[in-house]
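Student: My structure is stored as structure_39.txt, with compact mmCIF, N, CA and C atoms.
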# COMPACT_ATOMS: atom_id res chain seq x y z
N MET A 1324 142.61 170.03 156.25
CA MET A 1324 144.03 170.22 156.52
C MET A 1324 144.46 169.23 157.59
N ALA A 1325 145.59 168.59 157.37
CA ALA A 1325 146.09 167.58 158.30
C ALA A 1325 146.71 168.26 159.52
N THR A 1326 146.49 167.64 160.67
CA THR A 1326 147.08 168.15 161.90
C THR A 1326 148.56 167.77 161.93
N PRO A 1327 149.36 168.46 162.75
CA PRO A 1327 150.77 168.09 162.85
C PRO A 1327 150.96 166.63 163.28
N LEU A 1328 150.10 166.15 164.19
CA LEU A 1328 150.21 164.77 164.64
C LEU A 1328 149.93 163.79 163.49
N ALA A 1329 148.90 164.06 162.69
CA ALA A 1329 148.57 163.20 161.55
C ALA A 1329 149.71 163.21 160.54
N THR A 1330 150.29 164.37 160.30
CA THR A 1330 151.41 164.47 159.37
C THR A 1330 152.61 163.67 159.89
N HIS A 1331 152.88 163.80 161.18
CA HIS A 1331 154.00 163.07 161.78
C HIS A 1331 153.77 161.56 161.70
N LEU A 1332 152.55 161.13 161.99
CA LEU A 1332 152.23 159.70 161.91
C LEU A 1332 152.38 159.18 160.48
N LYS A 1333 151.97 159.97 159.51
CA LYS A 1333 152.11 159.56 158.11
C LYS A 1333 153.58 159.38 157.76
N ILE A 1334 154.41 160.30 158.18
CA ILE A 1334 155.85 160.22 157.92
C ILE A 1334 156.43 158.96 158.56
N LEU A 1335 156.04 158.68 159.81
CA LEU A 1335 156.53 157.48 160.49
C LEU A 1335 156.08 156.20 159.77
N LEU A 1336 154.82 156.17 159.34
CA LEU A 1336 154.32 155.00 158.61
C LEU A 1336 155.04 154.81 157.29
N ASP A 1337 155.31 155.90 156.58
CA ASP A 1337 156.05 155.81 155.32
C ASP A 1337 157.47 155.27 155.56
N GLN A 1338 158.12 155.74 156.62
CA GLN A 1338 159.47 155.26 156.94
C GLN A 1338 159.43 153.79 157.33
N PHE A 1339 158.42 153.38 158.09
CA PHE A 1339 158.28 151.99 158.50
C PHE A 1339 158.07 151.10 157.27
N SER A 1340 157.22 151.53 156.36
CA SER A 1340 156.96 150.78 155.14
C SER A 1340 158.24 150.65 154.32
N TYR A 1341 159.01 151.72 154.20
CA TYR A 1341 160.28 151.70 153.47
C TYR A 1341 161.24 150.71 154.12
N THR A 1342 161.30 150.72 155.46
CA THR A 1342 162.19 149.81 156.18
C THR A 1342 161.80 148.36 155.91
N ILE A 1343 160.52 148.05 155.94
CA ILE A 1343 160.06 146.69 155.65
C ILE A 1343 160.46 146.30 154.23
N ASP A 1344 160.26 147.19 153.27
CA ASP A 1344 160.64 146.90 151.89
C ASP A 1344 162.14 146.62 151.79
N CYS A 1345 162.96 147.35 152.53
CA CYS A 1345 164.41 147.13 152.50
C CYS A 1345 164.76 145.75 153.01
N TYR A 1346 164.06 145.29 154.04
CA TYR A 1346 164.35 143.97 154.59
C TYR A 1346 163.82 142.85 153.70
N ASN A 1347 162.89 143.15 152.81
CA ASN A 1347 162.33 142.14 151.92
C ASN A 1347 162.98 142.16 150.55
N SER A 1348 164.02 142.94 150.40
CA SER A 1348 164.68 143.01 149.10
C SER A 1348 166.18 142.79 149.26
N THR A 1349 166.77 142.51 148.13
CA THR A 1349 168.21 142.26 148.10
C THR A 1349 168.79 142.96 146.88
N VAL A 1350 170.08 143.02 146.81
CA VAL A 1350 170.74 143.68 145.69
C VAL A 1350 171.48 142.63 144.88
N ILE A 1351 171.26 142.64 143.58
CA ILE A 1351 171.99 141.77 142.66
C ILE A 1351 172.54 142.63 141.54
N THR A 1352 173.48 142.09 140.80
CA THR A 1352 174.02 142.79 139.64
C THR A 1352 173.60 142.02 138.40
N VAL A 1353 173.01 142.73 137.45
CA VAL A 1353 172.58 142.12 136.19
C VAL A 1353 173.30 142.83 135.05
N ASN A 1354 174.14 142.09 134.34
CA ASN A 1354 174.93 142.65 133.24
C ASN A 1354 175.64 143.93 133.65
N GLY A 1355 176.20 143.92 134.86
CA GLY A 1355 176.98 145.05 135.35
C GLY A 1355 176.19 146.17 136.00
N THR A 1356 174.86 146.06 136.05
CA THR A 1356 174.02 147.10 136.63
C THR A 1356 173.37 146.58 137.91
N THR A 1357 173.40 147.38 138.97
CA THR A 1357 172.82 146.99 140.25
C THR A 1357 171.30 147.09 140.20
N HIS A 1358 170.64 146.04 140.72
CA HIS A 1358 169.17 145.98 140.78
C HIS A 1358 168.74 145.60 142.19
N SER A 1359 167.65 146.21 142.65
CA SER A 1359 167.02 145.79 143.89
C SER A 1359 166.00 144.73 143.52
N PHE A 1360 165.95 143.66 144.31
CA PHE A 1360 165.15 142.51 143.94
C PHE A 1360 164.56 141.90 145.19
N LYS A 1361 163.32 141.40 145.12
CA LYS A 1361 162.69 140.80 146.29
C LYS A 1361 163.34 139.47 146.65
N ILE A 1362 163.57 139.28 147.93
CA ILE A 1362 164.17 138.05 148.43
C ILE A 1362 163.28 136.87 148.05
N GLY A 1363 163.91 135.79 147.60
CA GLY A 1363 163.18 134.57 147.26
C GLY A 1363 162.73 134.49 145.82
N GLN A 1364 163.00 135.52 145.04
CA GLN A 1364 162.60 135.48 143.64
C GLN A 1364 163.58 134.65 142.83
N THR A 1365 163.09 134.12 141.73
CA THR A 1365 163.87 133.21 140.91
C THR A 1365 164.40 133.89 139.65
N LEU A 1366 165.24 133.16 138.94
CA LEU A 1366 165.72 133.66 137.65
C LEU A 1366 164.56 133.88 136.70
N ALA A 1367 163.58 133.00 136.72
CA ALA A 1367 162.40 133.17 135.86
C ALA A 1367 161.68 134.47 136.20
N ASP A 1368 161.58 134.81 137.49
CA ASP A 1368 160.97 136.08 137.91
C ASP A 1368 161.77 137.27 137.37
N LEU A 1369 163.09 137.16 137.44
CA LEU A 1369 163.95 138.24 136.94
C LEU A 1369 163.73 138.44 135.44
N LEU A 1370 163.70 137.34 134.69
CA LEU A 1370 163.48 137.45 133.24
C LEU A 1370 162.13 138.09 132.94
N GLU A 1371 161.13 137.74 133.72
CA GLU A 1371 159.80 138.34 133.55
C GLU A 1371 159.85 139.84 133.82
N GLU A 1372 160.52 140.21 134.90
CA GLU A 1372 160.64 141.63 135.27
C GLU A 1372 161.37 142.43 134.19
N LEU A 1373 162.36 141.81 133.57
CA LEU A 1373 163.16 142.48 132.53
C LEU A 1373 162.54 142.32 131.14
N ASP A 1374 161.36 141.71 131.08
CA ASP A 1374 160.65 141.48 129.82
C ASP A 1374 161.48 140.64 128.84
N LEU A 1375 162.15 139.63 129.39
CA LEU A 1375 162.99 138.74 128.58
C LEU A 1375 162.51 137.29 128.63
N SER A 1376 161.35 137.06 129.23
CA SER A 1376 160.91 135.68 129.46
C SER A 1376 160.63 134.90 128.18
N ASN A 1377 160.36 135.60 127.09
CA ASN A 1377 160.06 134.92 125.82
C ASN A 1377 161.24 134.90 124.87
N GLN A 1378 162.40 135.37 125.32
CA GLN A 1378 163.58 135.40 124.46
C GLN A 1378 164.50 134.22 124.75
N VAL A 1379 165.18 133.78 123.72
CA VAL A 1379 166.20 132.75 123.90
C VAL A 1379 167.45 133.43 124.44
N CYS A 1380 167.90 132.95 125.60
CA CYS A 1380 169.09 133.57 126.19
C CYS A 1380 169.82 132.56 127.07
N ALA A 1381 171.07 132.85 127.30
CA ALA A 1381 171.89 132.06 128.23
C ALA A 1381 172.07 132.90 129.48
N ILE A 1382 172.03 132.24 130.65
CA ILE A 1382 172.16 132.97 131.91
C ILE A 1382 173.27 132.33 132.75
N GLU A 1383 174.12 133.21 133.24
CA GLU A 1383 175.20 132.83 134.15
C GLU A 1383 174.95 133.52 135.48
N VAL A 1384 175.07 132.78 136.58
CA VAL A 1384 175.01 133.38 137.91
C VAL A 1384 176.33 133.07 138.59
N ASN A 1385 177.02 134.11 138.97
CA ASN A 1385 178.33 133.96 139.62
C ASN A 1385 179.26 133.07 138.78
N LYS A 1386 179.24 133.33 137.48
CA LYS A 1386 180.11 132.67 136.50
C LYS A 1386 179.81 131.19 136.28
N LYS A 1387 178.60 130.76 136.67
CA LYS A 1387 178.18 129.39 136.42
C LYS A 1387 176.91 129.41 135.58
N LEU A 1388 176.93 128.67 134.48
CA LEU A 1388 175.78 128.61 133.58
C LEU A 1388 174.61 127.91 134.28
N VAL A 1389 173.43 128.52 134.20
CA VAL A 1389 172.23 127.93 134.79
C VAL A 1389 171.38 127.38 133.64
N PRO A 1390 171.15 126.06 133.61
CA PRO A 1390 170.34 125.47 132.54
C PRO A 1390 168.92 126.03 132.53
N HIS A 1391 168.33 126.09 131.35
CA HIS A 1391 166.98 126.62 131.17
C HIS A 1391 165.99 125.94 132.12
N ARG A 1392 166.10 124.62 132.27
CA ARG A 1392 165.14 123.86 133.09
C ARG A 1392 165.21 124.23 134.58
N GLU A 1393 166.28 124.90 135.02
CA GLU A 1393 166.44 125.25 136.43
C GLU A 1393 166.04 126.69 136.76
N ARG A 1394 165.64 127.46 135.79
CA ARG A 1394 165.37 128.89 136.02
C ARG A 1394 164.21 129.14 136.97
N LYS A 1395 163.18 128.31 136.92
CA LYS A 1395 162.02 128.52 137.79
C LYS A 1395 162.32 128.20 139.24
N GLU A 1396 163.31 127.35 139.50
CA GLU A 1396 163.65 126.96 140.86
C GLU A 1396 164.86 127.71 141.42
N TYR A 1397 165.67 128.30 140.55
CA TYR A 1397 166.92 128.93 140.98
C TYR A 1397 166.61 130.26 141.68
N LYS A 1398 166.79 130.29 142.99
CA LYS A 1398 166.51 131.50 143.77
C LYS A 1398 167.75 132.39 143.83
N LEU A 1399 167.53 133.65 143.55
CA LEU A 1399 168.62 134.63 143.59
C LEU A 1399 168.97 134.96 145.04
N GLN A 1400 170.26 135.21 145.26
CA GLN A 1400 170.78 135.50 146.60
C GLN A 1400 171.42 136.89 146.60
N GLU A 1401 171.60 137.43 147.80
CA GLU A 1401 172.27 138.72 147.99
C GLU A 1401 173.61 138.73 147.26
N ASP A 1402 173.86 139.79 146.53
CA ASP A 1402 175.12 140.02 145.82
C ASP A 1402 175.41 139.07 144.68
N ASP A 1403 174.39 138.34 144.19
CA ASP A 1403 174.60 137.51 143.00
C ASP A 1403 174.96 138.40 141.82
N SER A 1404 175.80 137.87 140.96
CA SER A 1404 176.16 138.55 139.72
C SER A 1404 175.56 137.74 138.57
N VAL A 1405 174.62 138.34 137.87
CA VAL A 1405 173.89 137.65 136.80
C VAL A 1405 174.29 138.25 135.47
N GLU A 1406 174.62 137.38 134.54
CA GLU A 1406 174.91 137.81 133.16
C GLU A 1406 173.88 137.15 132.25
N ILE A 1407 173.19 137.96 131.46
CA ILE A 1407 172.19 137.46 130.53
C ILE A 1407 172.65 137.80 129.12
N VAL A 1408 172.76 136.77 128.29
CA VAL A 1408 173.19 136.96 126.91
C VAL A 1408 172.07 136.48 126.00
N SER A 1409 171.50 137.40 125.23
CA SER A 1409 170.47 137.04 124.27
C SER A 1409 171.11 136.50 123.02
N LEU A 1410 170.52 135.45 122.49
CA LEU A 1410 171.04 134.82 121.28
C LEU A 1410 170.29 135.36 120.08
N VAL A 1411 171.02 135.75 119.05
CA VAL A 1411 170.41 136.26 117.82
C VAL A 1411 171.02 135.55 116.63
N GLY A 1412 170.20 135.39 115.62
CA GLY A 1412 170.69 134.77 114.39
C GLY A 1412 171.30 135.81 113.48
N GLY A 1413 172.03 135.37 112.53
CA GLY A 1413 172.62 136.31 111.59
C GLY A 1413 173.79 135.67 110.86
N GLY A 1414 174.36 136.44 110.02
CA GLY A 1414 175.46 135.88 109.25
C GLY A 1414 176.58 136.83 109.06
Represent the structure of the file as structure tokens.

Tutor:
Amino acid sequence: MATPLATHLKILLDQFSYTIDCYNSTVITVNGTTHSFKIGQTLADLLEELDLSNQVCAIEVNKKLVPHRERKEYKLQEDDSVEIVSLVGGG
């Protein structure tokens, strides 16, 4: 059984860890939905996280089209608005 001091220390450590995570993340909007995202991550990282890295799609950040060749270098910033449009064939 944990002592009150050990329980209190665990709570403080959990809060400290949460605080660090908050400072290492940012908020962006993807297709109208708010997402928490690690600072310094790229559009390519976002596509990987959303399981879209192998799909053909167009990406706009803050209403500006980002070319495919720039996705690995394009770092997301606080409050970015990202629109991802998947392209599909059909008639």

Student: To one decimal in Å, tell me the separation between atom C of A:Phe1360 and atom CA of A:Leu1410.

Tutor: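 Separation of atom C of A:Phe1360 and atom CA of A:Leu1410: 25.8 Å.
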
Student: One decimal, in Å: what's the spacing between atom N of A:Ile1351 and atom CA of A:Val1379?

Tutor: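 One can read the atom N of A:Ile1351 to atom CA of A:Val1379 distance as 22.6 Å.
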
Student: What is the atom CA of A:Ala1381-atom CA of A:Ala1367 distance in Å, reported with one decimal?

Tutor: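 We find that atom CA of A:Ala1381 and atom CA of A:Ala1367 lie 12.2 Å from each other.
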
Student: Which residues, written as a PDB file with N, CA and C atoms, in the coordinates of the input, have at least one atom at most 8 Å from stretch 1388-1398 of chain A, with only N, CA and C atoms counted and residues fewer than 3 positions away on the same chain left out?

Tutor:
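As written to disk, selection_21.pdb reads:
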ATOM      1  N   ILE A1362     163.570 139.280 147.930  1.00  0.00           N
ATOM      2  CA  ILE A1362     164.170 138.050 148.430  1.00  0.00           C
ATOM      3  C   ILE A1362     163.280 136.870 148.050  1.00  0.00           C
ATOM      4  N   GLY A1363     163.910 135.790 147.600  1.00  0.00           N
ATOM      5  CA  GLY A1363     163.180 134.570 147.260  1.00  0.00           C
ATOM      6  C   GLY A1363     162.730 134.490 145.820  1.00  0.00           C
ATOM      7  N   GLN A1364     163.000 135.520 145.040  1.00  0.00           N
ATOM      8  CA  GLN A1364     162.600 135.480 143.640  1.00  0.00           C
ATOM      9  C   GLN A1364     163.580 134.650 142.830  1.00  0.00           C
ATOM     10  N   THR A1365     163.090 134.120 141.730  1.00  0.00           N
ATOM     11  CA  THR A1365     163.870 133.210 140.910  1.00  0.00           C
ATOM     12  C   THR A1365     164.400 133.890 139.650  1.00  0.00           C
ATOM     13  N   LEU A1366     165.240 133.160 138.940  1.00  0.00           N
ATOM     14  CA  LEU A1366     165.720 133.660 137.650  1.00  0.00           C
ATOM     15  C   LEU A1366     164.560 133.880 136.700  1.00  0.00           C
ATOM     16  N   ALA A1367     163.580 133.000 136.720  1.00  0.00           N
ATOM     17  CA  ALA A1367     162.400 133.170 135.860  1.00  0.00           C
ATOM     18  C   ALA A1367     161.680 134.470 136.200  1.00  0.00           C
ATOM     19  N   ASP A1368     161.580 134.810 137.490  1.00  0.00           N
ATOM     20  CA  ASP A1368     160.970 136.080 137.910  1.00  0.00           C
ATOM     21  C   ASP A1368     161.770 137.270 137.370  1.00  0.00           C
ATOM     22  N   CYS A1380     167.900 132.950 125.600  1.00  0.00           N
ATOM     23  CA  CYS A1380     169.090 133.570 126.190  1.00  0.00           C
ATOM     24  C   CYS A1380     169.820 132.560 127.070  1.00  0.00           C
ATOM     25  N   ALA A1381     171.070 132.850 127.300  1.00  0.00           N
ATOM     26  CA  ALA A1381     171.890 132.060 128.230  1.00  0.00           C
ATOM     27  C   ALA A1381     172.070 132.900 129.480  1.00  0.00           C
ATOM     28  N   ILE A1382     172.030 132.240 130.650  1.00  0.00           N
ATOM     29  CA  ILE A1382     172.160 132.970 131.910  1.00  0.00           C
ATOM     30  C   ILE A1382     173.270 132.330 132.750  1.00  0.00           C
ATOM     31  N   GLU A1383     174.120 133.210 133.240  1.00  0.00           N
ATOM     32  CA  GLU A1383     175.200 132.830 134.150  1.00  0.00           C
ATOM     33  C   GLU A1383     174.950 133.520 135.480  1.00  0.00           C
ATOM     34  N   VAL A1384     175.070 132.780 136.580  1.00  0.00           N
ATOM     35  CA  VAL A1384     175.010 133.380 137.910  1.00  0.00           C
ATOM     36  C   VAL A1384     176.330 133.070 138.590  1.00  0.00           C
ATOM     37  N   ASN A1385     177.020 134.110 138.970  1.00  0.00           N
ATOM     38  CA  ASN A1385     178.330 133.960 139.620  1.00  0.00           C
ATOM     39  C   ASN A1385     179.260 133.070 138.780  1.00  0.00           C
ATOM     40  N   GLU A1401     171.600 137.430 147.800  1.00  0.00           N
ATOM     41  CA  GLU A1401     172.270 138.720 147.990  1.00  0.00           C
ATOM     42  C   GLU A1401     173.610 138.730 147.260  1.00  0.00           C
TER      43      GLU A1401
END

Student: Taking the block just given, write stretch 1388-1409 of chain A to a file that holds C-alpha atoms, as a short mmCIF file (atom, residue, chain, number, x, y, z; two decimals), in the first residue's frame.

Tutor:
data_model
loop_
_atom_site.label_atom_id
_atom_site.label_comp_id
_atom_site.auth_asym_id
_atom_site.auth_seq_id
_atom_site.Cartn_x
_atom_site.Cartn_y
_atom_site.Cartn_z
CA LEU A 1388 -1.21 25.38 -51.19
CA VAL A 1389 1.89 23.51 -49.99
CA PRO A 1390 3.65 21.61 -52.82
CA HIS A 1391 4.26 17.89 -52.27
CA ARG A 1392 8.05 18.40 -52.34
CA GLU A 1393 7.85 20.78 -49.34
CA ARG A 1394 5.86 18.57 -46.95
CA LYS A 1395 8.89 17.06 -45.20
CA GLU A 1396 10.34 20.49 -44.43
CA TYR A 1397 7.14 22.46 -43.75
CA LYS A 1398 6.90 22.84 -39.97
CA LEU A 1399 3.48 23.38 -38.47
CA GLN A 1400 2.96 26.41 -36.23
CA GLU A 1401 0.55 27.29 -33.43
CA ASP A 1402 -2.99 27.90 -34.72
CA ASP A 1403 -2.26 26.76 -38.29
CA SER A 1404 -5.35 25.84 -40.26
CA VAL A 1405 -4.70 22.78 -42.42
CA GLU A 1406 -7.04 21.53 -45.13
CA ILE A 1407 -6.38 18.10 -46.61
CA VAL A 1408 -8.25 17.06 -49.74
CA SER A 1409 -7.87 13.49 -50.95
#
